[in-house]
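Enquirer: Supplied structure: coords_16.txt, compact mmCIF, C-alpha atoms.
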```txt
# COMPACT_ATOMS: atom_id res chain seq x y z
CA MET A 28 29.68 -35.42 -33.19
CA ASN A 29 27.73 -38.50 -32.44
CA LEU A 30 26.26 -37.95 -29.06
CA SER A 31 24.98 -40.62 -26.78
CA PHE A 32 22.27 -39.75 -24.37
CA PHE A 33 24.52 -39.02 -21.46
CA ASP A 34 27.16 -36.93 -23.16
CA GLN A 35 25.34 -33.80 -22.13
CA PHE A 36 25.83 -34.70 -18.49
CA THR A 37 29.58 -35.15 -18.60
CA SER A 38 31.48 -32.36 -16.97
CA PRO A 39 33.12 -30.45 -19.83
CA CYS A 40 36.84 -30.69 -20.19
CA LEU A 41 39.10 -29.01 -22.71
CA LEU A 42 42.55 -30.42 -23.16
CA GLY A 43 42.39 -31.78 -19.66
CA ILE A 44 41.27 -28.51 -18.11
CA PRO A 45 37.96 -28.88 -16.32
CA LEU A 46 35.61 -26.19 -17.54
CA ILE A 47 32.99 -26.64 -14.83
CA LEU A 48 33.98 -23.42 -13.08
CA LEU A 49 33.74 -21.50 -16.33
CA SER A 50 30.31 -22.93 -17.05
CA MET A 51 29.15 -21.94 -13.57
CA LEU A 52 30.50 -18.41 -13.84
CA PHE A 53 29.43 -17.77 -17.43
CA PRO A 54 25.80 -16.81 -16.72
CA THR A 55 26.95 -13.80 -14.74
CA LEU A 56 28.40 -12.38 -17.93
CA LEU A 57 24.93 -12.22 -19.37
CA LEU A 58 23.54 -10.02 -16.61
CA PRO A 59 24.04 -6.28 -17.13
CA THR A 60 26.33 -4.49 -14.72
CA PRO A 61 24.57 -1.82 -12.72
CA ASP A 62 25.39 1.42 -14.44
CA ASN A 63 26.28 4.52 -12.50
CA ARG A 64 23.28 6.46 -13.64
CA TRP A 65 19.85 7.10 -12.22
CA VAL A 66 17.61 6.24 -15.17
CA THR A 67 19.12 3.11 -16.73
CA ASN A 68 18.47 1.21 -19.91
CA ARG A 69 15.61 -1.29 -20.10
CA LEU A 70 17.65 -4.35 -19.27
CA SER A 71 19.13 -2.84 -16.13
CA THR A 72 15.71 -1.55 -15.04
CA LEU A 73 14.18 -4.98 -15.53
CA GLN A 74 17.02 -6.66 -13.71
CA LEU A 75 16.65 -4.28 -10.79
CA TRP A 76 12.89 -4.77 -10.68
CA PHE A 77 13.30 -8.54 -10.79
CA LEU A 78 15.86 -8.58 -8.00
CA HIS A 79 13.62 -6.38 -5.88
CA LEU A 80 10.74 -8.76 -6.51
CA ILE A 81 12.74 -11.82 -5.49
CA THR A 82 14.23 -10.19 -2.44
CA LYS A 83 10.89 -8.91 -1.20
CA GLN A 84 9.28 -12.30 -1.74
CA LEU A 85 12.00 -14.17 0.08
CA MET A 86 12.58 -11.75 2.90
CA SER A 87 9.05 -10.78 3.89
CA PRO A 88 8.39 -13.85 6.10
CA LEU A 89 11.78 -13.58 7.78
CA ASN A 90 12.52 -11.53 10.84
CA LYS A 91 15.26 -8.90 10.97
CA LYS A 92 18.05 -11.36 11.70
CA GLY A 93 17.09 -13.39 8.68
CA HIS A 94 17.62 -10.42 6.41
CA LYS A 95 21.34 -11.05 6.68
CA TRP A 96 20.72 -13.96 4.32
CA ALA A 97 19.25 -11.69 1.63
CA LEU A 98 22.39 -11.51 -0.49
CA ILE A 99 23.21 -15.18 -0.53
CA LEU A 100 19.65 -16.29 -1.19
CA THR A 101 19.04 -13.76 -3.95
CA SER A 102 22.32 -14.51 -5.68
CA LEU A 103 21.65 -18.24 -5.34
CA MET A 104 18.26 -17.75 -6.95
CA THR A 105 19.71 -15.74 -9.81
CA MET A 106 22.47 -18.26 -10.41
CA LEU A 107 20.17 -21.25 -10.43
CA LEU A 108 17.67 -19.50 -12.66
CA THR A 109 20.24 -18.50 -15.27
CA ILE A 110 22.03 -21.85 -15.19
CA ASN A 111 18.79 -23.78 -15.57
CA LEU A 112 17.47 -21.64 -18.38
CA LEU A 113 20.74 -21.63 -20.29
CA GLY A 114 20.86 -25.40 -20.03
CA LEU A 115 17.84 -25.66 -22.29
CA LEU A 116 19.82 -24.40 -25.26
CA PRO A 117 21.30 -27.12 -27.46
CA TYR A 118 24.77 -28.42 -26.83
CA THR A 119 25.02 -26.68 -23.48
CA PHE A 120 26.14 -28.17 -20.25
CA THR A 121 23.97 -27.56 -17.20
CA PRO A 122 26.01 -27.64 -14.00
CA THR A 123 22.90 -28.19 -11.92
CA THR A 124 22.45 -31.62 -13.43
CA GLN A 125 25.46 -32.73 -11.43
CA LEU A 126 24.50 -34.11 -8.05
CA SER A 127 27.88 -33.06 -6.70
CA MET A 128 27.22 -29.39 -7.38
CA ASN A 129 23.67 -29.44 -6.01
CA MET A 130 24.71 -31.23 -2.85
CA ALA A 131 27.55 -28.73 -2.51
CA LEU A 132 24.95 -25.97 -2.62
CA ALA A 133 22.27 -27.61 -0.49
CA PHE A 134 24.24 -29.26 2.29
CA PRO A 135 26.24 -26.30 3.63
CA LEU A 136 23.31 -23.90 3.41
CA TRP A 137 20.96 -26.31 5.17
CA LEU A 138 23.59 -27.05 7.79
CA ALA A 139 24.06 -23.31 8.33
CA THR A 140 20.36 -22.90 9.07
CA LEU A 141 20.38 -25.89 11.39
CA ILE A 142 23.43 -24.78 13.36
CA THR A 143 22.13 -21.22 13.59
CA GLY A 144 18.92 -22.53 15.08
CA LEU A 145 20.55 -24.98 17.48
CA ARG A 146 23.11 -22.46 18.62
CA ASN A 147 20.92 -19.41 19.19
CA GLN A 148 17.61 -20.92 20.21
CA PRO A 149 18.10 -24.66 20.87
CA SER A 150 14.75 -25.29 22.56
CA ILE A 151 12.71 -23.65 19.82
CA SER A 152 14.74 -25.45 17.18
CA LEU A 153 14.23 -28.82 18.80
CA GLY A 154 10.64 -27.89 19.46
CA HIS A 155 10.01 -27.94 15.73
CA LEU A 156 10.53 -31.67 15.86
CA LEU A 157 7.13 -32.09 17.46
CA PRO A 158 4.09 -30.61 15.73
CA GLU A 159 1.50 -29.04 17.98
CA GLY A 160 -1.45 -30.99 19.15
CA THR A 161 -0.14 -34.52 18.68
CA PRO A 162 -1.65 -37.17 20.93
CA THR A 163 0.73 -38.24 23.69
CA PRO A 164 1.24 -41.91 22.66
CA LEU A 165 2.38 -40.83 19.22
CA ILE A 166 5.12 -38.50 20.47
CA PRO A 167 8.16 -40.86 20.33
CA ALA A 168 7.32 -42.10 16.86
CA LEU A 169 6.67 -38.60 15.64
CA ILE A 170 9.94 -37.29 17.03
CA MET A 171 11.82 -39.97 15.15
CA ILE A 172 9.91 -39.27 11.97
CA GLU A 173 10.53 -35.56 12.25
CA THR A 174 14.22 -36.10 12.95
CA THR A 175 14.49 -38.28 9.88
CA SER A 176 12.73 -35.69 7.80
CA LEU A 177 15.03 -33.01 9.19
CA LEU A 178 18.17 -34.96 8.37
CA ILE A 179 16.99 -35.87 4.92
CA ARG A 180 16.42 -32.23 3.95
CA PRO A 181 19.80 -31.54 2.32
CA LEU A 182 19.58 -34.77 0.38
CA ALA A 183 16.09 -33.88 -0.73
CA LEU A 184 17.10 -30.38 -1.79
CA GLY A 185 20.03 -31.55 -3.84
CA VAL A 186 18.40 -34.57 -5.37
CA ARG A 187 15.21 -32.67 -6.19
CA LEU A 188 17.07 -30.14 -8.29
CA THR A 189 19.32 -32.74 -9.90
CA ALA A 190 16.54 -35.17 -10.67
CA ASN A 191 14.20 -32.60 -12.12
CA LEU A 192 16.75 -31.12 -14.44
CA THR A 193 18.38 -34.37 -15.43
CA ALA A 194 15.04 -35.99 -16.09
CA GLY A 195 13.90 -33.04 -18.14
CA HIS A 196 17.03 -32.94 -20.24
CA LEU A 197 16.98 -36.65 -20.76
CA LEU A 198 13.36 -36.58 -21.86
CA ILE A 199 14.15 -33.86 -24.37
CA GLN A 200 16.99 -35.93 -25.74
CA LEU A 201 14.86 -39.08 -25.99
CA ILE A 202 11.89 -37.47 -27.66
CA SER A 203 14.05 -35.54 -30.08
CA THR A 204 15.87 -38.80 -30.92
CA ALA A 205 12.48 -40.40 -31.51
CA THR A 206 11.51 -37.53 -33.79
CA THR A 207 14.74 -37.78 -35.75
CA ALA A 208 14.52 -41.56 -36.03
CA LEU A 209 10.87 -41.54 -37.10
CA LEU A 210 11.31 -38.78 -39.68
CA PRO A 211 12.23 -41.01 -42.64
CA ILE A 212 9.90 -43.83 -41.58
CA MET A 213 6.62 -42.27 -40.44
CA PRO A 214 6.76 -38.48 -40.95
CA THR A 215 3.30 -37.90 -39.45
CA VAL A 216 4.19 -39.61 -36.19
CA SER A 217 7.43 -37.69 -36.29
CA ILE A 218 5.51 -34.45 -36.46
CA LEU A 219 3.30 -35.53 -33.56
CA THR A 220 6.40 -36.35 -31.57
CA SER A 221 7.83 -32.98 -32.40
CA LEU A 222 4.63 -31.41 -31.07
CA ILE A 223 5.14 -33.34 -27.85
CA LEU A 224 8.69 -32.09 -27.82
CA LEU A 225 7.44 -28.50 -28.17
CA LEU A 226 5.13 -28.91 -25.19
CA LEU A 227 7.89 -30.58 -23.24
CA THR A 228 10.22 -27.70 -23.97
CA ILE A 229 7.70 -25.25 -22.60
CA LEU A 230 7.37 -27.47 -19.52
CA GLU A 231 11.10 -27.57 -19.13
CA VAL A 232 11.33 -23.80 -19.22
CA ALA A 233 8.75 -23.65 -16.47
CA VAL A 234 10.47 -26.41 -14.49
CA ALA A 235 13.80 -24.66 -14.74
CA MET A 236 12.40 -21.51 -13.21
CA ILE A 237 10.26 -23.30 -10.64
CA GLN A 238 13.03 -25.57 -9.42
CA ALA A 239 15.32 -22.65 -8.83
CA TYR A 240 12.58 -20.87 -6.90
CA VAL A 241 11.66 -23.95 -4.88
CA PHE A 242 15.26 -24.57 -3.86
CA VAL A 243 15.67 -21.07 -2.52
CA LEU A 244 12.20 -20.99 -1.03
CA LEU A 245 12.76 -24.17 0.95
CA LEU A 246 16.05 -22.83 2.24
CA SER A 247 14.31 -19.65 3.35
CA LEU A 248 11.64 -21.78 5.06
CA TYR A 249 14.28 -23.75 6.93
CA LEU A 250 15.80 -20.44 7.86
CA GLN A 251 12.48 -19.14 9.14
CA GLU A 252 12.19 -22.04 11.53
CA ASN A 253 15.64 -21.63 12.92
CA ILE A 254 16.51 -17.96 13.04
CA VAL B 18 51.37 11.63 -8.13
CA LEU B 19 47.97 12.84 -9.30
CA HIS B 20 49.39 14.22 -12.53
CA THR B 21 51.66 11.32 -13.26
CA THR B 22 48.81 8.84 -12.98
CA ARG B 23 46.50 10.93 -15.14
CA PRO B 24 47.44 9.22 -18.45
CA LEU B 25 46.61 5.87 -16.92
CA HIS B 26 42.99 6.74 -16.29
CA THR B 27 40.64 4.91 -18.62
CA THR B 28 37.30 6.30 -17.45
CA GLN B 29 36.28 9.90 -17.07
CA GLN B 30 37.09 11.46 -13.75
CA CYS B 31 33.85 13.19 -13.11
CA LEU B 32 30.72 11.11 -12.90
CA ALA B 33 28.30 13.88 -13.82
CA PRO B 34 26.84 14.82 -16.19
CA LEU B 35 26.68 11.42 -17.77
CA PRO B 36 26.10 11.27 -21.49
CA PRO B 37 22.49 10.43 -22.23
CA LEU B 38 21.51 6.92 -23.21
CA PRO B 39 20.85 6.43 -26.91
CA GLU B 40 17.19 6.44 -27.89
CA LYS B 41 17.20 3.03 -29.58
CA GLY B 42 19.52 0.06 -29.37
CA GLY B 43 21.72 -0.99 -32.21
CA GLU B 44 19.87 -2.09 -35.32
CA VAL B 45 19.84 -5.87 -35.77
CA ARG B 46 18.52 -8.02 -38.53
CA TYR B 47 16.76 -11.26 -37.56
CA GLY B 48 17.37 -10.39 -33.92
CA LEU B 49 20.97 -11.59 -34.05
CA ILE B 50 23.12 -10.01 -36.72
CA PRO B 51 23.91 -6.33 -36.44
CA GLU B 52 23.12 -4.10 -39.34
CA GLU B 53 26.75 -3.00 -39.47
CA PHE B 54 27.72 -6.45 -40.73
CA PHE B 55 25.46 -6.07 -43.75
CA GLN B 56 26.78 -2.56 -44.36
CA PHE B 57 30.32 -3.89 -44.01
CA LEU B 58 29.77 -6.48 -46.74
CA TYR B 59 27.66 -4.26 -48.98
CA PRO B 60 30.49 -2.57 -50.96
CA LYS B 61 32.06 -5.87 -51.97
CA THR B 62 29.11 -8.25 -52.30
CA GLY B 63 25.99 -6.11 -52.54
CA VAL B 64 22.69 -6.80 -50.84
CA THR B 65 22.68 -10.59 -51.09
CA GLY B 66 26.26 -10.98 -49.91
CA PRO B 67 25.68 -11.81 -46.24
CA TYR B 68 22.83 -14.17 -47.10
CA MET B 69 25.03 -16.04 -49.54
CA LEU B 70 27.71 -16.22 -46.89
CA GLY B 71 25.27 -17.60 -44.36
CA THR B 72 23.75 -20.17 -46.69
CA GLY B 73 27.16 -21.24 -47.91
CA LEU B 74 28.51 -21.67 -44.42
CA LEU B 75 25.47 -23.66 -43.35
CA LEU B 76 25.62 -25.97 -46.34
CA TYR B 77 29.34 -26.36 -45.88
CA PHE B 78 28.91 -27.42 -42.28
CA LEU B 79 26.12 -29.79 -43.19
CA SER B 80 27.72 -31.39 -46.19
CA LYS B 81 31.11 -31.88 -44.62
CA GLU B 82 29.40 -33.15 -41.48
CA ILE B 83 31.19 -30.62 -39.40
CA TYR B 84 27.76 -30.10 -37.94
CA VAL B 85 25.94 -33.43 -37.70
CA ILE B 86 22.17 -33.45 -37.67
CA ASN B 87 21.28 -35.41 -34.59
CA HIS B 88 18.64 -35.28 -31.91
CA GLU B 89 20.02 -32.01 -30.59
CA THR B 90 19.05 -30.33 -33.84
CA VAL B 91 15.40 -31.09 -33.25
CA ALA B 92 15.68 -30.00 -29.63
CA ALA B 93 17.41 -26.82 -30.81
CA ALA B 94 14.62 -26.14 -33.27
CA CYS B 95 12.05 -26.54 -30.50
CA ILE B 96 13.72 -24.32 -27.94
CA LEU B 97 14.52 -21.70 -30.55
CA SER B 98 10.92 -21.62 -31.75
CA VAL B 99 9.75 -21.24 -28.13
CA ILE B 100 12.21 -18.41 -27.56
CA ILE B 101 11.32 -16.62 -30.77
CA TYR B 102 7.62 -16.98 -30.06
CA GLY B 103 8.10 -15.59 -26.56
CA VAL B 104 10.15 -12.63 -27.73
CA LYS B 105 7.75 -11.80 -30.56
CA LYS B 106 4.67 -12.03 -28.37
CA PHE B 107 5.85 -10.45 -25.13
CA GLY B 108 8.78 -8.36 -26.28
CA SER B 109 6.96 -5.07 -26.73
CA ASP B 110 5.01 -5.55 -23.50
CA VAL B 111 8.17 -6.14 -21.53
CA ALA B 112 9.79 -3.10 -23.12
CA ALA B 113 6.73 -0.98 -22.30
CA PHE B 114 6.84 -2.27 -18.72
CA ALA B 115 10.49 -1.35 -18.37
CA ASP B 116 9.77 2.08 -19.82
CA LYS B 117 6.87 2.47 -17.40
CA LEU B 118 9.15 1.66 -14.45
CA ASN B 119 11.57 4.32 -15.57
CA GLU B 120 8.78 6.81 -16.19
CA GLU B 121 7.40 6.21 -12.70
CA LYS B 122 10.83 6.77 -11.21
CA VAL B 123 11.25 10.07 -13.05
CA ALA B 124 7.65 11.06 -12.30
CA ARG B 125 8.18 10.49 -8.58
CA ALA B 126 11.17 12.81 -8.57
CA LEU B 127 9.34 15.37 -10.69
CA SER B 128 6.36 15.24 -8.36
CA VAL B 129 8.64 16.07 -5.44
CA LYS B 130 9.89 19.09 -7.35
CA ASN B 131 6.38 20.14 -8.37
CA GLU B 132 5.06 19.73 -4.84
CA ALA B 133 7.85 21.94 -3.57
CA ILE B 134 7.07 24.55 -6.23
CA LYS B 135 3.37 24.44 -5.37
CA ASP B 136 4.07 24.82 -1.67
CA LEU B 137 6.33 27.77 -2.31
CA GLU B 138 3.73 29.42 -4.56
CA ALA B 139 1.10 28.96 -1.87
CA ALA B 140 3.51 30.54 0.60
CA ILE B 141 3.94 33.49 -1.77
CA GLU B 142 0.16 33.91 -1.95
CA GLN B 143 -0.05 33.84 1.82
CA GLU B 144 2.66 36.44 2.06
CA LYS B 145 0.86 38.71 -0.41
CA LYS B 146 -2.31 38.38 1.63
CA GLU B 147 -0.44 39.33 4.75
CA GLN B 148 0.96 42.37 2.99
CA TRP B 149 -2.54 43.42 1.97
CA ARG B 150 -3.64 43.00 5.55
CA VAL B 151 -0.87 45.28 6.66
CA GLU B 152 -2.33 48.05 4.47
CA GLY B 153 -5.53 47.93 6.47
CA ARG B 154 -3.61 48.39 9.66
CA SER B 155 -4.17 52.18 9.73
CA TYR B 156 -7.94 51.74 9.76
CA LEU B 157 -7.59 49.37 12.62
CA PHE B 158 -5.57 51.83 14.58
CA ASP B 159 -8.02 54.69 13.84
CA ALA B 160 -10.89 52.62 15.09
CA LYS B 161 -8.99 51.72 18.20
CA ARG B 162 -8.05 55.32 18.78
CA ASN B 163 -11.70 56.44 18.43
CA ASN B 164 -12.71 53.77 20.84
CA ILE B 165 -10.29 54.94 23.44
CA ALA B 166 -11.30 58.58 22.97
CA MET B 167 -14.93 57.64 23.52
CA LEU B 168 -14.06 55.77 26.66
CA LEU B 169 -12.14 58.70 28.01
CA GLU B 170 -14.98 61.10 27.18
CA THR B 171 -17.51 58.87 28.88
CA ASN B 172 -15.36 58.59 31.92
CA TYR B 173 -14.92 62.35 32.11
CA ARG B 174 -18.62 62.95 31.78
CA GLU B 175 -19.39 60.48 34.52
CA ARG B 176 -16.97 62.12 36.86
CA LEU B 177 -18.42 65.52 36.00
CA LEU B 178 -21.88 64.25 36.92
CA THR B 179 -20.57 62.90 40.19
CA VAL B 180 -19.04 66.24 41.04
CA TYR B 181 -22.28 68.03 40.22
CA ASN B 182 -24.31 65.67 42.36
CA GLU B 183 -22.00 66.01 45.32
CA VAL B 184 -22.02 69.80 45.12
CA LYS B 185 -25.80 69.81 44.81
CA LYS B 186 -26.11 67.61 47.87
CA ARG B 187 -24.02 69.95 49.92
CA LEU B 188 -25.96 73.01 48.78
CA ASP B 189 -29.29 71.29 49.45
CA TYR B 190 -28.11 70.53 52.90
CA GLN B 191 -27.32 74.17 53.51
CA VAL B 192 -30.71 75.24 52.14
CA ALA B 193 -32.52 72.74 54.29
CA LEU B 194 -30.54 73.89 57.27
CA GLN B 195 -31.57 77.52 56.70
CA ASN B 196 -35.21 76.56 56.23
CA LEU B 197 -35.18 74.58 59.37
CA LYS B 198 -33.66 77.44 61.28
CA ARG B 199 -36.26 79.94 60.07
CA GLN B 200 -39.02 77.46 60.84
CA LYS B 201 -37.76 77.00 64.31
CA GLU B 202 -37.46 80.72 64.82
CA GLN B 203 -41.00 81.18 63.60
CA ASP B 204 -42.36 78.52 65.86
CA HIS B 205 -40.46 79.79 68.77
CA MET B 206 -41.71 83.31 68.19
CA ILE B 207 -45.32 82.17 67.86
CA GLN B 208 -45.03 80.21 71.06
CA TRP B 209 -43.49 83.14 72.87
CA VAL B 210 -46.19 85.48 71.63
CA GLU B 211 -48.91 83.09 72.67
CA LYS B 212 -47.37 82.56 76.02
CA ASN B 213 -47.11 86.23 76.62
CA VAL B 214 -50.67 86.84 75.49
CA VAL B 215 -51.97 84.12 77.70
CA GLN B 216 -49.97 85.49 80.56
CA SER B 217 -51.26 88.96 79.92
CA ILE B 218 -54.84 87.96 80.24
CA THR B 219 -55.59 89.15 83.88
CA PRO B 220 -58.42 87.59 85.88
CA GLN B 221 -60.46 90.80 85.53
CA GLN B 222 -60.27 90.62 81.79
CA GLN B 223 -61.09 87.01 81.94
CA LYS B 224 -64.36 87.63 83.82
CA GLU B 225 -65.34 90.44 81.51
CA SER B 226 -64.72 88.43 78.43
CA ILE B 227 -66.65 85.45 79.80
CA ALA B 228 -69.68 87.70 80.74
CA LYS B 229 -69.57 89.19 77.24
CA CYS B 230 -69.45 85.77 75.69
CA ILE B 231 -72.49 84.66 77.65
CA LEU B 232 -74.42 87.76 76.58
CA ASP B 233 -73.42 87.11 72.97
CA LEU B 234 -74.50 83.53 73.28
CA LYS B 235 -77.87 84.49 74.65
CA ALA B 236 -78.36 86.95 71.84
CA LEU B 237 -77.32 84.32 69.35
CA SER B 238 -79.50 81.70 70.89
CA LYS B 239 -82.49 83.93 70.50
CA THR B 240 -81.78 84.49 66.83
CA ALA B 241 -80.88 80.78 66.42
CA GLN B 242 -84.07 79.62 67.95
CA ALA B 243 -85.85 81.88 65.56
CA ALA B 244 -83.92 80.35 62.69
CA VAL B 245 -84.66 76.78 63.67
```
Take the structure I supplied and represent it as structure tokens, if you would.

Expert:
Amino acid sequence: MNLSFFDQFTSPCLLGIPLILLSMLFPTLLLPTPDNRWVTNRLSTLQLWFLHLITKQLMSPLNKKGHKWALILTSLMTMLLTINLLGLLPYTFTPTTQLSMNMALAFPLWLATLITGLRNQPSISLGHLLPEGTPTPLIPALIMIETTSLLIRPLALGVRLTANLTAGHLLIQLISTATTALLPIMPTVSILTSLILLLLTILEVAVAMIQAYVFVLLLSLYLQENI
Amino acid sequence: VLHTTRPLHTTQQCLAPLPPLPEKGGEVRYGLIPEEFFQFLYPKTGVTGPYMLGTGLLLYFLSKEIYVINHETVAAACILSVIIYGVKKFGSDVAAFADKLNEEKVARALSVKNEAIKDLEAAIEQEKKEQWRVEGRSYLFDAKRNNIAMLLETNYRERLLTVYNEVKKRLDYQVALQNLKRQKEQDHMIQWVEKNVVQSITPQQQKESIAKCILDLKALSKTAQAAV
């Protein structure tokens, strides 16, 4: 298997059957099913604790109507977290490196927050386009800037996730290629490069978790403004 | 229908009591391979069997280039070392944390039960105290009875005194009345006697008595002069 640098980003296909759905659904198999008992095993307890933590964090700034979004935001967070972390293993495909998937996640959710805001409380929603306390001559320019920033949000969400993960994976590939290539020539430099790779891997683990959190957090922020 | 579908059930009907969770998870060697695999190979290949199998497979894959060493190998080594380091360092802490969560859950339920037991025991103590208080009830009633008897006695005595005073007043009145009457009779009699005596003194007697008095006075004046 001679891999080029971008083989890890091709959507997997087996005998012509696209496996992207399987790779998106696989992480759920790794999470324990909630057992029908009161005191569960360690994994289920930890999973429950973690889900409580996420839900409390996301839902505390939202009002009561926003709590309807608890399920979708928590499950989104879990999915992104597991997909990102599993992507760090070798020879795995990370669906979140595909811009198509991230835009498919970001755009409808952002649009849902926007339409909820414009439908239920249009003045307040549009009022967010003008920050408080701006000097009067600046108002037209600021409105246009804020509108642009509003409309660019889904693009930003999707591209942020894609870029971070793709860049991280690519860097890992490049540095590990450098390590492999330097091994017969200059072993010491190769070992230094492998140290860099180690640090990068730790960074990538952190980035994977942070990016998932940031995605969901930003969506909850957009929701806060509009609900 | 219930009985015909019974053979098709795969899980137990009743959800309680659930069988308890096993104390420890399945034994694994090197965090990946279950112990049962080693036991399975032990009769045929002894202790080193699975290791030989593993090494042989690895070398086979490498030599036949079924697995090619490329950049992913290095990346795999890195991520695996990070994972193993994380598990070794934080594994026991995470397990202890999960156990603590479970312990807290059980402790909360137990505390509810213990609080209920404590409250009931306190209620029993209260009840016993009330029962003891009931025993003293007779003394209370005796005291109250004595109190009432004293009040009645006092009241009776007061009324008796009132009666006595009233009777005494009436009798005093009668006595005073009698005294007054006698006094009046006496006075009246004395007045009548005096009146009659004064009336009885005739003018002849009056002159005689006056002449006698003058003679007496002269006699007395002679002796008085002598005395002075």

Enquirer: Find the residue from A:Leu56, A:Ile199, A:Ile237, A:Leu184 that sits nearest to chain B; use all atoms listed in the file when measuring.

Expert: A:Ile199

Enquirer: Quick one: which residues from chain B are at most 9 Å off chain A, using all atoms listed in the file, as a PyMOL selection string?

Expert: chain B and resi 32-33+35+38+82-99+111-112+114-116+118-120+122-123

Enquirer: Please compute the atom CA of A:Phe120-atom CA of A:Val241 distance, one decimal, in Å.

Expert: 21.5 Å

Enquirer: Please report the interatomic distance between atom CA of B:Asp159 and atom CA of B:Glu147 in Å with one decimal.

Expert: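 Answer for the atom CA of B:Asp159 to atom CA of B:Glu147 separation: 19.4 Å.
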
Enquirer: Using all atoms listed in the file, which residues sit within 9 Å of stretch 94-99 of chain A once same-chain residues fewer than 3 positions away are excluded, as a list in words?

Expert: Thr82, Leu85, Met86, Ser87, Leu89, Asn90, Lys91, Ser102, Leu103, Met104, Ser247 and Leu250 of chain A

Enquirer: Distance atom CA of A:Pro88-atom CA of A:Glu252, one decimal place?

Expert: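 These two atoms are separated by 10.5 Å.
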
Enquirer: Show me, as a Markdown table, the residues of stretch 162-253 of chain A having an atom within 10 Å of stretch 124-138 of chain A, each with the closest atom pair and its distance in Å, using all atoms listed in the file.

Expert:
```
| residue | atom | partner | partner_atom | distance |
| --- | --- | --- | --- | --- |
| A:Leu177 | CA | A:Trp137 | CA | 9.8 |
| A:Leu178 | CA | A:Leu138 | CA | 9.6 |
| A:Arg180 | CA | A:Trp137 | CA | 7.6 |
| A:Pro181 | CA | A:Phe134 | CA | 5.0 |
| A:Leu182 | CA | A:Met130 | CA | 7.0 |
| A:Ala183 | CA | A:Ala133 | CA | 8.8 |
| A:Leu184 | CA | A:Ala133 | CA | 6.0 |
| A:Gly185 | CA | A:Asn129 | CA | 4.7 |
| A:Val186 | CA | A:Leu126 | CA | 6.7 |
| A:Arg187 | CA | A:Asn129 | CA | 9.1 |
| A:Leu188 | CA | A:Asn129 | CA | 7.0 |
| A:Thr189 | CA | A:Thr124 | CA | 4.8 |
| A:Ala190 | CA | A:Thr124 | CA | 7.4 |
| A:Asn191 | CA | A:Thr124 | CA | 8.4 |
| A:Leu192 | CA | A:Thr124 | CA | 5.8 |
| A:Thr193 | CA | A:Thr124 | CA | 5.3 |
| A:Ala194 | CA | A:Thr124 | CA | 9.0 |
| A:Gly195 | CA | A:Thr124 | CA | 9.9 |
| A:His196 | CA | A:Thr124 | CA | 8.8 |
| A:Phe242 | CA | A:Ala133 | CA | 8.4 |
| A:Val243 | CA | A:Ala133 | CA | 9.5 |
| A:Leu245 | CA | A:Trp137 | CA | 9.5 |
| A:Leu246 | CA | A:Trp137 | CA | 6.7 |
| A:Ser247 | CA | A:Trp137 | CA | 9.6 |
| A:Tyr249 | CA | A:Trp137 | CA | 7.4 |
| A:Leu250 | CA | A:Trp137 | CA | 8.3 |
```

Enquirer: Nearest to A:Thr143 among A:Leu42, A:Gly160, A:Glu173, A:Lys92, with distances taken over only C-alpha atoms: which residue is it?

Expert: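 Ranking A:Leu42, A:Gly160, A:Glu173, A:Lys92 by distance to A:Thr143, first place goes to A:Lys92.
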
Enquirer: Edge lengths and centre, in Å to one decimal, as AutoDock Vina command-line options: that's what I need for the box along x, y and z that holds all listed atoms of stretch 140-154 of chain A plus 5 Å on each side.

Expert:
```
--center_x 17.0 --center_y -24.1 --center_z 15.8 --size_x 22.8 --size_y 19.4 --size_z 23.5
```

Enquirer: Excluding A:Ile47 and its own-chain neighbours fewer than 6 positions away, which residues fall within 8 Å of it when counting only C-alpha atoms? Please give them as a PDB file with C-alpha atoms, in the coordinates of the input.

Expert:
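Contents of around_14.pdb, as written:
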```pdb
ATOM      1  CA  SER A  38      31.480 -32.360 -16.970  1.00  0.00           C
ATOM      2  CA  PRO A  39      33.120 -30.450 -19.830  1.00  0.00           C
ATOM      3  CA  CYS A  40      36.840 -30.690 -20.190  1.00  0.00           C
ATOM      4  CA  PRO A 122      26.010 -27.640 -14.000  1.00  0.00           C
TER       5      PRO A 122
END
```
